[in-house]
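For reference, the structure discussed in these notes is given below.
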Amino acid sequence: MSVIPDISDAASAQVPAAENTLRILRYLAGRPAPVAASAIARELALPRSTVYHLLTTLAAHGFVLHLREERRWGLGTSAFELAGGYARQQPLARLGRPLVASLSDRLGESTHLAVMSGGDVLYIVEERAPRRPALITDVGVRLPAHLTASGRAMLASLPREQVRALYPSASSFPDRTGLGPRRPGELRELLREVRGRGYATEDSEVADGLRSVGVAVRDHAGWPIAAVAVTWADGDLDESALADAVRDTAATLESRLKR
């Protein structure tokens, strides 16, 4: 006599694995830096073998990355893709749009809001100032993160291990105008300057004659979920004053997202 398998039993057997996978991702998302698998197992009260199996599967799909030298695990680019997708569909663009528009009115220059998507920035809000040069940073446009002020602001807020995973070698640095970092060491130095200054800059590295200032927007755990930026034609504008205005807008968006 044939036995018909109980589909509900088979499905329920998979629930612990799915639940533990989500617990691991949530745990990593709440850490300020990558952690050891042993710490994950201890904090979540899971067998080490289970943790290693799930981490290996997540790494194969890009949701976590393994830092072999440090023997630690952190979130991968696929996890950031999910975060960016939620941000585009839900509060980030909706709450950011009026703030970005107000910033443009205040400065008389074009402003935008972008999120990380792998090694790129993806623009989700764009406010064009009248009688200003045309930009390529329209909604839906992707640009290499290491060349843009928005991308640099977010990269400077990521753990250094995350940045190394995104830019492991010179081949990871696409070029647009012949300017900008071309090697991991150059990017590390640039991001160190961004952290010290409190905002990121870009000068003709995306388009000749255009400059930008960007500031990261962080979530409750300190992760950069977006960046606010202003772009203007090279001239006599006060960069520090523009940065202060962009910083104020980024801080306001942060506070509204945390309510």
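Scheme for the structure tokens: letters A, B, ... for chains in order shown; per-chain residue numbers from 1; ligand numbers from 1 in order shown.
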
Contact residues around Ala227 (chain A) with only C-alpha atoms at 7 Å, ignoring same-chain residues under 5 positions, as a ChimeraX atom specification: /A:113-115,150,153-154,214-217

Could you please write out, as a PyMOL selection string, every residue of region 65-210 of chain A that DSSP assigns to alpha helix (DSSP H)? chain A and resi 77-89+91-107+149-157+160-166+184-197

Near Ala60 (chain A), counting only C-alpha atoms, which residues have an atom at most 12 Å away, once you skip same-chain residues fewer than 5 positions from it, shown as an MDAnalysis selection string? chainID A and resid 53:55 65:66 76:78

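Taking CA of Arg183 (chain A) as the reference point, CA of Ala170 (chain A) is found at 4.7 Å.
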
Tell me, in Å to one decimal, how far CA of His61 (chain A) is from CA of Gly30 (chain A). 20.2 Å

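Residues surrounding Val121 (chain A) within 6 Å are Val115, Met116, Ser117, Arg142, Leu143, Ala145 and Gly151 of chain A [only C-alpha atoms; sequence separation below 4 positions excluded].
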
Grab the residues selected above and save them as a compact mmCIF listing (two decimals), in the first residue's frame with N, CA, C and O atoms.
# COMPACT_ATOMS: atom_id res chain seq x y z
N VAL A 115 20.20 55.37 -2.43
CA VAL A 115 20.46 54.21 -1.58
C VAL A 115 21.57 53.37 -2.22
O VAL A 115 21.83 53.47 -3.41
N MET A 116 22.21 52.53 -1.40
CA MET A 116 23.21 51.60 -1.92
C MET A 116 22.53 50.41 -2.58
O MET A 116 21.51 49.93 -2.09
N SER A 117 23.11 49.94 -3.67
CA SER A 117 22.64 48.74 -4.34
C SER A 117 23.88 48.00 -4.85
O SER A 117 24.38 48.29 -5.94
N ARG A 142 21.61 54.38 -11.83
CA ARG A 142 22.66 53.80 -10.99
C ARG A 142 24.00 54.39 -11.39
O ARG A 142 24.29 54.56 -12.58
N LEU A 143 24.84 54.67 -10.38
CA LEU A 143 26.20 55.14 -10.62
C LEU A 143 27.15 54.44 -9.66
O LEU A 143 26.74 54.04 -8.55
N ALA A 145 29.31 53.71 -6.70
CA ALA A 145 29.26 54.37 -5.40
C ALA A 145 30.56 55.10 -5.07
O ALA A 145 30.53 56.17 -4.46
N GLY A 151 27.44 57.94 -2.54
CA GLY A 151 28.02 56.64 -2.30
C GLY A 151 29.15 56.69 -1.30
O GLY A 151 29.25 55.83 -0.40

Can you tell me, as number ranges by chain, what residues are no more than 9 Å from Leu99 (chain A) when counting only C-alpha atoms, ignoring any on the same chain fewer than 3 positions away? A: 95-96, 102-104, 249-250, 252-253

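Remark: for Leu237 (chain A), the closest of the candidate residues A:Arg218, A:Arg31, A:Lys258, A:Arg211 is A:Arg211 (distances computed over only C-alpha atoms).
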
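Between Ala45 (chain A) and the candidates A:Leu158, A:Val230, A:Ala93, A:Ile24, the tightest atom-to-atom separation, counting only C-alpha atoms, involves A:Ile24.
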
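With CA of Pro181 (chain A) on one side and CA of Arg132 (chain A) on the other, the separation reads 27.6 Å.
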
I need the residue nearest Trp223 (chain A) from this list: A:Gln162, A:Thr201, A:Ser169, A:Thr148. Use only C-alpha atoms for the distance. A:Gln162

Every residue of region 105-177 of chain A that DSSP places in strand (DSSP E), as a PyMOL selection string: chain A and resi 110-117+120-127+142-144

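Every protein or nucleic acid residue with an atom no more than 12 Å from Tyr167 (chain A), counting only C-alpha atoms and leaving out same-chain residues fewer than 5 positions away, appears here: A:Thr77, A:Gly118, A:Gly119, A:Asp120, A:Pro144, A:Ala145, A:His146, A:Leu155, A:Arg160, A:Glu161, A:Gln162, A:Ser172, A:Phe173, A:Pro174, A:Pro181, A:Arg182, A:Arg183, A:Pro184, A:Gly185, A:Glu186, A:Leu187, A:Arg188.
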